[in-house]
Amino acid sequence: MSERHAVRAEGLEKRYGDKRALDGFDLTVREGTVHGLLGPNGAGKTTAVRILSTLIRLDGGRAEVAGLDIARQAREVRARIGLTGQYAAVDEVLTGRQNLEMFGRLFHLGGRRARARAVELLEQFDLTDAADRGVGKYSGGMRRRLDLAASMILAPSVLFLDEPTTGLDPRSRGEVWESVRELVASGTTVLLTTQYLEEADKLASRITVIDRGRAIADDTPDGLKNLVGGDRIEVVVADHAEIPRVVKTVARVCKGEPEVEEEALRVHAPVTDRVPALTEVARTLQDEGVAVEDIGLRRPSLDDVFLRLTGHRTSVQPARNAENEKEKKTKEAVAA
Ligand SMILES: Nc1ncnc2c1ncn2[C@@H]1O[C@H](COP(=O)(O)OP(=O)(O)OP(=O)(O)O)[C@@H](O)[C@H]1O
Ligand SMILES: [Mg+2]
């Protein structure tokens with residue numbers, strides 16, 4: 001295998017009873033990049049991350065991480081990776097500094113080195129000012145950054161981030177993105193799972209779309225966005241009778257053919273010059289006295305990509321509680 005692949009997985013299989021969580025999953029991640037693993041609830045993202053980080057066993061296929069076989073060299077793999085699970089692993093009662101020192105001890109650093117590493121990481125993740133506050137008082141973004149810092153204790157060559165920003169507000173999300181960019185600039189390869197096309201687009205140089213345990217696309221962010229036609233202008237009207245006038249205006253201003261969703265009273269079309277086009281459409285409709293309920297720019301979503309790739313929308317699968325336990329165990333397992 002080429003040294004330049006941080007992850008190379010072929011035909012991964014994982015079954016839970018008769019449920020195929022992974023069903024012939026392939027993945028190649030180039031070294032020194034952020035690779036997005038994009039998929040809806042239940043697609044198999046967490047299962048893939050758990051297998052690649054050696055936390056659970058695979059039922060079929062093979063994979064190498066950092067050039068090491070995950071089945072035969074699990075210990076060595078663990079020494080080269082970091083993991084931030086889908087559910088925060090930091091302790092709310094401890095301060096940020098105490099959390100990092102605790103993880104340092106878990107990774108067998110010894111007291112003095114654990115303390116020194118905590119100071120470095122607090123600085124790197126912009127948490128120095130909050131270092132001695134209880135994590136219970138941190139914002140969601142700060143908590144996630146602390147989580148990232150905890151998985152960076154040993155400066156891993158490959159870092160798995162499982163939905164690092166789900167549930168965060170836009171500002172906290174931006175902070176986490178910034179930290180991820182810095183990690184990659186310092187040489188770490190990141191495999192990031194997400195349900196947001198926008199997030200994969202912001203961070204990743206390549207994206208694998210996963211559905212029902214299989215990779216259904218592997219492309220650059222631009223490639224995926226082109227598949228769905230990029231950004232769109234969207235107009236929702238109050239009354240059915242207004243639709244033809246909206247279609248006419250949108251068709252004139254936008255570059256592509258407008259699509260009409262009759263039931264939702266919605267008209268949308270692809271745009272390139274986003275804001276000028278939006279302004280023009282809004283002004284024209286106002287001049288014509290069209291009653292507009294809502295107007296805006298919409299970025300393509302995972303759902304749009306899915307519709308193009310599979311012909312159906314993402315279907316939400318029932319949540320499972322057994323998996324929602326805290327992921328601290330996960331980190332301890334990696335540390336051990
Ligand atoms: N421990 C388990 N026992 C039984 N079924 C499981 C288990 N773990 C995962 N599954 C099933 O495998 C499938 C893939 O789950 P997985 O957690 O990998 O999805 P995911 O893409 O991470 O979803 P989410 O976005 O909700 O986190 C789901 O149908 C899930 O119900
Ligand atoms: Mg998951």
# chains A, B, ... in the order shown; residues from 1 in each chain; ligands from 1

$ select_by_dssp --residues "region 3-163 of chain A" --states "strand (DSSP E or B)" --output "VMD selection string"
chain A and resid 5 to 16 19 to 30 34 to 38 60 to 65 68 to 69 81 to 84 95 134 158 to 162

$ residues_near_ligand --ligand "ligand 1" --cutoff "8 Å" --atoms "only C-alpha atoms and all ligand atoms" --output "VMD selection string"
chain A and resid 15 to 17 19 to 22 39 to 48 86 162 to 163 194 to 195 210 212 to 213 317 to 320 322 to 323

$ write_last_selection --atoms "C-alpha atoms" --output "tab-separated table (two decimals), in the first residue's frame"
chain	number	residue	atom	x	y	z
A	15	ARG	CA	-23.49	-7.19	10.90
A	16	TYR	CA	-25.67	-6.76	13.97
A	17	GLY	CA	-28.01	-9.73	13.87
A	19	LYS	CA	-28.82	-5.85	10.11
A	20	ARG	CA	-25.89	-4.98	7.85
A	21	ALA	CA	-24.38	-1.85	9.38
A	22	LEU	CA	-21.55	-2.02	6.83
A	39	GLY	CA	-24.38	10.24	5.35
A	40	PRO	CA	-27.78	10.34	7.06
A	41	ASN	CA	-28.73	8.78	10.41
A	42	GLY	CA	-28.01	5.09	10.50
A	43	ALA	CA	-25.91	5.05	7.30
A	44	GLY	CA	-22.96	3.38	9.05
A	45	LYS	CA	-20.63	6.32	9.78
A	46	THR	CA	-20.03	5.56	13.44
A	47	THR	CA	-19.67	1.85	12.69
A	48	ALA	CA	-16.99	2.63	10.09
A	86	GLN	CA	-20.18	11.41	18.55
A	162	ASP	CA	-17.48	11.59	14.55
A	163	GLU	CA	-19.97	14.39	13.90
A	194	THR	CA	-21.05	14.55	9.17
A	195	GLN	CA	-24.65	14.84	8.09
A	210	ILE	CA	-22.37	6.54	2.64
A	212	ARG	CA	-26.90	1.72	4.12
A	213	GLY	CA	-23.35	0.64	4.80
A	317	GLN	CA	-33.91	5.32	10.79
A	318	PRO	CA	-35.06	4.72	14.35
A	319	ALA	CA	-32.62	5.85	17.01
A	320	ARG	CA	-30.97	3.17	19.10
A	322	ALA	CA	-27.69	1.20	23.40
A	323	GLU	CA	-25.30	3.20	21.25

$ closest_residue --among "A:Asp273, A:Ile70, A:Asp126, A:Arg313" --to "Leu297 (chain A)" --atoms "only C-alpha atoms"
A:Asp273

$ residues_around --residues "Asp147 (chain A)" --least-positions-apart "3" --cutoff "8 Å" --atoms "only C-alpha atoms" --output "number ranges by chain"
A: 84, 88-90, 143-144, 150-151

$ closest_residue --among "A:Leu192, A:Val281, A:Leu122, A:Ala131" --to "ligand 2" --atoms "only C-alpha atoms and all ligand atoms"
A:Leu192

$ atom_distance --atom1 "CA of Phe160 (chain A)" --atom2 "CA of Thr314 (chain A)"
23.7 Å

$ closest_residue --among "A:Thr193, A:Arg299, A:Val176, A:Phe25" --to "ligand 2" --atoms "only C-alpha atoms and all ligand atoms"
A:Thr193

$ closest_residue --among "A:Arg173, A:Arg75, A:His240, A:Lys137" --to "Val260 (chain A)" --atoms "only C-alpha atoms"
A:His240

$ closest_residue --among "A:Asp287, A:Tyr87, A:Leu197, A:Glu280" --to "ligand 2" --atoms "only C-alpha atoms and all ligand atoms"
A:Tyr87

$ residues_around --residues "region 49-63 of chain A" --least-positions-apart "5" --cutoff "7 Å" --atoms "only C-alpha atoms" --output "VMD selection string"
chain A and resid 8 to 15 69 to 70 74 78 160

$ write_last_selection --atoms "N, CA and C atoms" --output "mmCIF file, in the first residue's frame"
data_model
loop_
_atom_site.group_PDB
_atom_site.id
_atom_site.type_symbol
_atom_site.label_atom_id
_atom_site.label_comp_id
_atom_site.auth_asym_id
_atom_site.auth_seq_id
_atom_site.Cartn_x
_atom_site.Cartn_y
_atom_site.Cartn_z
ATOM 1 N N ARG A 8 -7.104 3.025 4.194
ATOM 2 C CA ARG A 8 -7.482 2.298 2.986
ATOM 3 C C ARG A 8 -8.326 1.114 3.431
ATOM 4 N N ALA A 9 -9.592 1.145 3.107
ATOM 5 C CA ALA A 9 -10.509 0.076 3.536
ATOM 6 C C ALA A 9 -11.164 -0.524 2.310
ATOM 7 N N GLU A 10 -11.267 -1.850 2.314
ATOM 8 C CA GLU A 10 -11.879 -2.536 1.182
ATOM 9 C C GLU A 10 -12.918 -3.542 1.657
ATOM 10 N N GLY A 11 -14.111 -3.375 1.168
ATOM 11 C CA GLY A 11 -15.171 -4.355 1.396
ATOM 12 C C GLY A 11 -15.500 -4.598 2.863
ATOM 13 N N LEU A 12 -15.497 -3.534 3.680
ATOM 14 C CA LEU A 12 -15.781 -3.735 5.111
ATOM 15 C C LEU A 12 -17.214 -4.233 5.326
ATOM 16 N N GLU A 13 -17.323 -5.220 6.186
ATOM 17 C CA GLU A 13 -18.631 -5.777 6.531
ATOM 18 C C GLU A 13 -18.791 -5.736 8.044
ATOM 19 N N LYS A 14 -19.974 -5.322 8.490
ATOM 20 C CA LYS A 14 -20.299 -5.426 9.908
ATOM 21 C C LYS A 14 -21.778 -5.727 10.032
ATOM 22 N N ARG A 15 -22.090 -6.806 10.724
ATOM 23 C CA ARG A 15 -23.493 -7.190 10.897
ATOM 24 C C ARG A 15 -23.868 -7.120 12.371
ATOM 25 N N ASP A 69 -2.274 -2.817 9.497
ATOM 26 C CA ASP A 69 -3.484 -3.619 9.358
ATOM 27 C C ASP A 69 -4.314 -3.554 10.645
ATOM 28 N N ILE A 70 -5.575 -3.153 10.529
ATOM 29 C CA ILE A 70 -6.364 -2.937 11.748
ATOM 30 C C ILE A 70 -6.654 -4.229 12.502
ATOM 31 N N ALA A 74 -3.647 -4.123 15.651
ATOM 32 C CA ALA A 74 -4.567 -3.195 16.320
ATOM 33 C C ALA A 74 -3.842 -2.309 17.340
ATOM 34 N N ARG A 78 -3.657 1.769 17.304
ATOM 35 C CA ARG A 78 -4.137 2.617 18.411
ATOM 36 C C ARG A 78 -3.118 3.661 18.819
ATOM 37 N N PHE A 160 -9.940 10.577 13.978
ATOM 38 C CA PHE A 160 -11.318 10.315 13.579
ATOM 39 C C PHE A 160 -12.232 11.255 14.347
#

$ select_by_dssp --residues "region 33-146 of chain A" --states "helix (DSSP H, G or I)" --output "number ranges by chain"
A: 45-52, 74-80, 96-106, 111-124, 135-137, 140-146

$ atom_distance --atom1 "CA of Val184 (chain A)" --atom2 "CA of Glu31 (chain A)"
9.9 Å

$ residues_around --residues "Ala291 (chain A)" --least-positions-apart "3" --cutoff "9 Å" --atoms "only C-alpha atoms" --output "PyMOL selection string"
chain A and resi 237-239+242+285-286

$ write_last_selection --atoms "C-alpha atoms" --output "CSV table (one decimal), in the first residue's frame"
chain,number,residue,atom,x,y,z
A,237,VAL,CA,-45.6,32.4,-2.3
A,238,ALA,CA,-48.7,32.8,-0.3
A,239,ASP,CA,-51.1,31.8,-3.1
A,242,GLU,CA,-48.7,33.7,-7.9
A,285,LEU,CA,-41.5,40.5,-7.2
A,286,GLN,CA,-42.0,43.5,-5.0

$ residues_around --residues "Leu127 (chain A)" --least-positions-apart "4" --cutoff "12 Å" --atoms "only C-alpha atoms" --output "PyMOL selection string"
chain A and resi 95-97+100+118-123+131-133+135+138-139+141-149+175+179

$ closest_residue --among "A:Ile216, A:Val290, A:Leu183, A:Val93" --to "Val247 (chain A)" --atoms "only C-alpha atoms"
A:Val290

$ atom_distance --atom1 "CA of Pro164 (chain A)" --atom2 "CA of Val180 (chain A)"
9.7 Å

$ residues_around --residues "region 231-233 of chain A" --least-positions-apart "5" --cutoff "8 Å" --atoms "only C-alpha atoms" --output "ChimeraX atom specification"
/A:254,268-272,274,278,295-300

$ decode --residues "region 68-114 of chain A" --atoms "N, CA and C atoms" --output "PDB file, in the first residue's frame"
ATOM      1  N   LEU A  68      -0.979   0.407   8.731  1.00  0.00           N
ATOM      2  CA  LEU A  68      -0.994  -0.779   9.593  1.00  0.00           C
ATOM      3  C   LEU A  68      -2.332  -1.503   9.461  1.00  0.00           C
ATOM      4  N   ASP A  69      -2.274  -2.817   9.497  1.00  0.00           N
ATOM      5  CA  ASP A  69      -3.484  -3.619   9.358  1.00  0.00           C
ATOM      6  C   ASP A  69      -4.314  -3.554  10.645  1.00  0.00           C
ATOM      7  N   ILE A  70      -5.575  -3.153  10.529  1.00  0.00           N
ATOM      8  CA  ILE A  70      -6.364  -2.937  11.748  1.00  0.00           C
ATOM      9  C   ILE A  70      -6.654  -4.229  12.502  1.00  0.00           C
ATOM     10  N   ALA A  71      -6.674  -5.361  11.786  1.00  0.00           N
ATOM     11  CA  ALA A  71      -6.978  -6.622  12.477  1.00  0.00           C
ATOM     12  C   ALA A  71      -5.709  -7.197  13.107  1.00  0.00           C
ATOM     13  N   ARG A  72      -4.617  -7.225  12.373  1.00  0.00           N
ATOM     14  CA  ARG A  72      -3.412  -7.882  12.874  1.00  0.00           C
ATOM     15  C   ARG A  72      -2.523  -6.955  13.708  1.00  0.00           C
ATOM     16  N   GLN A  73      -2.664  -5.630  13.511  1.00  0.00           N
ATOM     17  CA  GLN A  73      -1.778  -4.692  14.212  1.00  0.00           C
ATOM     18  C   GLN A  73      -2.588  -3.655  14.986  1.00  0.00           C
ATOM     19  N   ALA A  74      -3.647  -4.123  15.651  1.00  0.00           N
ATOM     20  CA  ALA A  74      -4.567  -3.195  16.320  1.00  0.00           C
ATOM     21  C   ALA A  74      -3.842  -2.309  17.340  1.00  0.00           C
ATOM     22  N   ARG A  75      -2.960  -2.888  18.085  1.00  0.00           N
ATOM     23  CA  ARG A  75      -2.229  -2.106  19.098  1.00  0.00           C
ATOM     24  C   ARG A  75      -1.441  -0.968  18.480  1.00  0.00           C
ATOM     25  N   GLU A  76      -0.722  -1.306  17.422  1.00  0.00           N
ATOM     26  CA  GLU A  76       0.090  -0.283  16.748  1.00  0.00           C
ATOM     27  C   GLU A  76      -0.814   0.798  16.137  1.00  0.00           C
ATOM     28  N   VAL A  77      -1.955   0.361  15.593  1.00  0.00           N
ATOM     29  CA  VAL A  77      -2.894   1.336  15.033  1.00  0.00           C
ATOM     30  C   VAL A  77      -3.300   2.313  16.137  1.00  0.00           C
ATOM     31  N   ARG A  78      -3.657   1.769  17.304  1.00  0.00           N
ATOM     32  CA  ARG A  78      -4.137   2.617  18.411  1.00  0.00           C
ATOM     33  C   ARG A  78      -3.118   3.661  18.819  1.00  0.00           C
ATOM     34  N   ALA A  79      -1.864   3.318  18.685  1.00  0.00           N
ATOM     35  CA  ALA A  79      -0.815   4.274  19.073  1.00  0.00           C
ATOM     36  C   ALA A  79      -0.699   5.431  18.079  1.00  0.00           C
ATOM     37  N   ARG A  80      -1.311   5.274  16.898  1.00  0.00           N
ATOM     38  CA  ARG A  80      -1.144   6.285  15.857  1.00  0.00           C
ATOM     39  C   ARG A  80      -2.392   7.125  15.629  1.00  0.00           C
ATOM     40  N   ILE A  81      -3.473   6.814  16.338  1.00  0.00           N
ATOM     41  CA  ILE A  81      -4.731   7.493  16.019  1.00  0.00           C
ATOM     42  C   ILE A  81      -5.304   8.247  17.211  1.00  0.00           C
ATOM     43  N   GLY A  82      -6.218   9.142  16.916  1.00  0.00           N
ATOM     44  CA  GLY A  82      -7.022   9.797  17.940  1.00  0.00           C
ATOM     45  C   GLY A  82      -8.479   9.661  17.533  1.00  0.00           C
ATOM     46  N   LEU A  83      -9.372   9.815  18.508  1.00  0.00           N
ATOM     47  CA  LEU A  83     -10.794   9.666  18.214  1.00  0.00           C
ATOM     48  C   LEU A  83     -11.600  10.635  19.056  1.00  0.00           C
ATOM     49  N   THR A  84     -12.474  11.376  18.383  1.00  0.00           N
ATOM     50  CA  THR A  84     -13.461  12.158  19.116  1.00  0.00           C
ATOM     51  C   THR A  84     -14.808  11.587  18.744  1.00  0.00           C
ATOM     52  N   GLY A  85     -15.463  10.985  19.729  1.00  0.00           N
ATOM     53  CA  GLY A  85     -16.708  10.270  19.465  1.00  0.00           C
ATOM     54  C   GLY A  85     -17.861  11.222  19.227  1.00  0.00           C
ATOM     55  N   GLN A  86     -18.994  10.619  18.878  1.00  0.00           N
ATOM     56  CA  GLN A  86     -20.177  11.412  18.548  1.00  0.00           C
ATOM     57  C   GLN A  86     -20.744  12.114  19.788  1.00  0.00           C
ATOM     58  N   TYR A  87     -20.508  11.545  20.963  1.00  0.00           N
ATOM     59  CA  TYR A  87     -21.024  12.153  22.195  1.00  0.00           C
ATOM     60  C   TYR A  87     -19.841  12.579  23.042  1.00  0.00           C
ATOM     61  N   ALA A  88     -19.912  13.792  23.594  1.00  0.00           N
ATOM     62  CA  ALA A  88     -18.753  14.382  24.267  1.00  0.00           C
ATOM     63  C   ALA A  88     -18.241  13.485  25.386  1.00  0.00           C
ATOM     64  N   ALA A  89     -16.934  13.417  25.494  1.00  0.00           N
ATOM     65  CA  ALA A  89     -16.322  12.514  26.466  1.00  0.00           C
ATOM     66  C   ALA A  89     -15.710  13.253  27.647  1.00  0.00           C
ATOM     67  N   VAL A  90     -15.759  14.582  27.617  1.00  0.00           N
ATOM     68  CA  VAL A  90     -15.114  15.321  28.699  1.00  0.00           C
ATOM     69  C   VAL A  90     -15.999  15.322  29.947  1.00  0.00           C
ATOM     70  N   ASP A  91     -15.358  15.470  31.079  1.00  0.00           N
ATOM     71  CA  ASP A  91     -16.061  15.426  32.356  1.00  0.00           C
ATOM     72  C   ASP A  91     -16.524  16.834  32.724  1.00  0.00           C
ATOM     73  N   GLU A  92     -17.811  16.958  33.042  1.00  0.00           N
ATOM     74  CA  GLU A  92     -18.394  18.276  33.305  1.00  0.00           C
ATOM     75  C   GLU A  92     -17.928  18.894  34.613  1.00  0.00           C
ATOM     76  N   VAL A  93     -17.602  18.049  35.569  1.00  0.00           N
ATOM     77  CA  VAL A  93     -17.275  18.552  36.896  1.00  0.00           C
ATOM     78  C   VAL A  93     -15.850  19.108  36.919  1.00  0.00           C
ATOM     79  N   LEU A  94     -14.972  18.494  36.163  1.00  0.00           N
ATOM     80  CA  LEU A  94     -13.581  18.939  36.142  1.00  0.00           C
ATOM     81  C   LEU A  94     -13.431  20.211  35.307  1.00  0.00           C
ATOM     82  N   THR A  95     -12.325  20.910  35.498  1.00  0.00           N
ATOM     83  CA  THR A  95     -12.027  22.062  34.638  1.00  0.00           C
ATOM     84  C   THR A  95     -11.435  21.549  33.330  1.00  0.00           C
ATOM     85  N   GLY A  96     -11.285  22.460  32.375  1.00  0.00           N
ATOM     86  CA  GLY A  96     -10.689  22.089  31.098  1.00  0.00           C
ATOM     87  C   GLY A  96      -9.289  21.526  31.295  1.00  0.00           C
ATOM     88  N   ARG A  97      -8.527  22.205  32.137  1.00  0.00           N
ATOM     89  CA  ARG A  97      -7.150  21.769  32.377  1.00  0.00           C
ATOM     90  C   ARG A  97      -7.118  20.377  33.022  1.00  0.00           C
ATOM     91  N   GLN A  98      -7.987  20.200  34.023  1.00  0.00           N
ATOM     92  CA  GLN A  98      -8.017  18.898  34.715  1.00  0.00           C
ATOM     93  C   GLN A  98      -8.413  17.767  33.760  1.00  0.00           C
ATOM     94  N   ASN A  99      -9.347  18.071  32.864  1.00  0.00           N
ATOM     95  CA  ASN A  99      -9.740  17.058  31.875  1.00  0.00           C
ATOM     96  C   ASN A  99      -8.543  16.628  31.032  1.00  0.00           C
ATOM     97  N   LEU A 100      -7.819  17.615  30.539  1.00  0.00           N
ATOM     98  CA  LEU A 100      -6.693  17.280  29.656  1.00  0.00           C
ATOM     99  C   LEU A 100      -5.598  16.545  30.422  1.00  0.00           C
ATOM    100  N   GLU A 101      -5.377  16.954  31.659  1.00  0.00           N
ATOM    101  CA  GLU A 101      -4.365  16.253  32.460  1.00  0.00           C
ATOM    102  C   GLU A 101      -4.803  14.807  32.703  1.00  0.00           C
ATOM    103  N   MET A 102      -6.114  14.645  32.933  1.00  0.00           N
ATOM    104  CA  MET A 102      -6.615  13.291  33.159  1.00  0.00           C
ATOM    105  C   MET A 102      -6.401  12.421  31.912  1.00  0.00           C
ATOM    106  N   PHE A 103      -6.712  12.976  30.750  1.00  0.00           N
ATOM    107  CA  PHE A 103      -6.498  12.193  29.531  1.00  0.00           C
ATOM    108  C   PHE A 103      -5.007  11.914  29.315  1.00  0.00           C
ATOM    109  N   GLY A 104      -4.181  12.891  29.678  1.00  0.00           N
ATOM    110  CA  GLY A 104      -2.733  12.667  29.566  1.00  0.00           C
ATOM    111  C   GLY A 104      -2.294  11.469  30.399  1.00  0.00           C
ATOM    112  N   ARG A 105      -2.870  11.378  31.608  1.00  0.00           N
ATOM    113  CA  ARG A 105      -2.539  10.234  32.472  1.00  0.00           C
ATOM    114  C   ARG A 105      -3.046   8.936  31.865  1.00  0.00           C
ATOM    115  N   LEU A 106      -4.284   9.024  31.296  1.00  0.00           N
ATOM    116  CA  LEU A 106      -4.844   7.829  30.650  1.00  0.00           C
ATOM    117  C   LEU A 106      -3.940   7.336  29.525  1.00  0.00           C
ATOM    118  N   PHE A 107      -3.291   8.275  28.859  1.00  0.00           N
ATOM    119  CA  PHE A 107      -2.381   7.911  27.770  1.00  0.00           C
ATOM    120  C   PHE A 107      -0.963   7.670  28.293  1.00  0.00           C
ATOM    121  N   HIS A 108      -0.846   7.472  29.596  1.00  0.00           N
ATOM    122  CA  HIS A 108       0.430   7.092  30.232  1.00  0.00           C
ATOM    123  C   HIS A 108       1.526   8.138  30.067  1.00  0.00           C
ATOM    124  N   LEU A 109       1.147   9.418  30.106  1.00  0.00           N
ATOM    125  CA  LEU A 109       2.175  10.444  29.923  1.00  0.00           C
ATOM    126  C   LEU A 109       2.994  10.707  31.188  1.00  0.00           C
ATOM    127  N   GLY A 110       2.452  10.423  32.355  1.00  0.00           N
ATOM    128  CA  GLY A 110       3.160  10.821  33.581  1.00  0.00           C
ATOM    129  C   GLY A 110       2.778  12.244  33.932  1.00  0.00           C
ATOM    130  N   GLY A 111       2.771  12.573  35.238  1.00  0.00           N
ATOM    131  CA  GLY A 111       2.233  13.829  35.733  1.00  0.00           C
ATOM    132  C   GLY A 111       2.813  15.064  35.073  1.00  0.00           C
ATOM    133  N   ARG A 112       4.126  15.159  35.028  1.00  0.00           N
ATOM    134  CA  ARG A 112       4.713  16.400  34.534  1.00  0.00           C
ATOM    135  C   ARG A 112       4.428  16.605  33.048  1.00  0.00           C
ATOM    136  N   ARG A 113       4.580  15.527  32.268  1.00  0.00           N
ATOM    137  CA  ARG A 113       4.333  15.669  30.832  1.00  0.00           C
ATOM    138  C   ARG A 113       2.856  15.907  30.562  1.00  0.00           C
ATOM    139  N   ALA A 114       2.000  15.283  31.345  1.00  0.00           N
ATOM    140  CA  ALA A 114       0.559  15.498  31.166  1.00  0.00           C
ATOM    141  C   ALA A 114       0.208  16.969  31.407  1.00  0.00           C
TER     142      ALA A 114
END
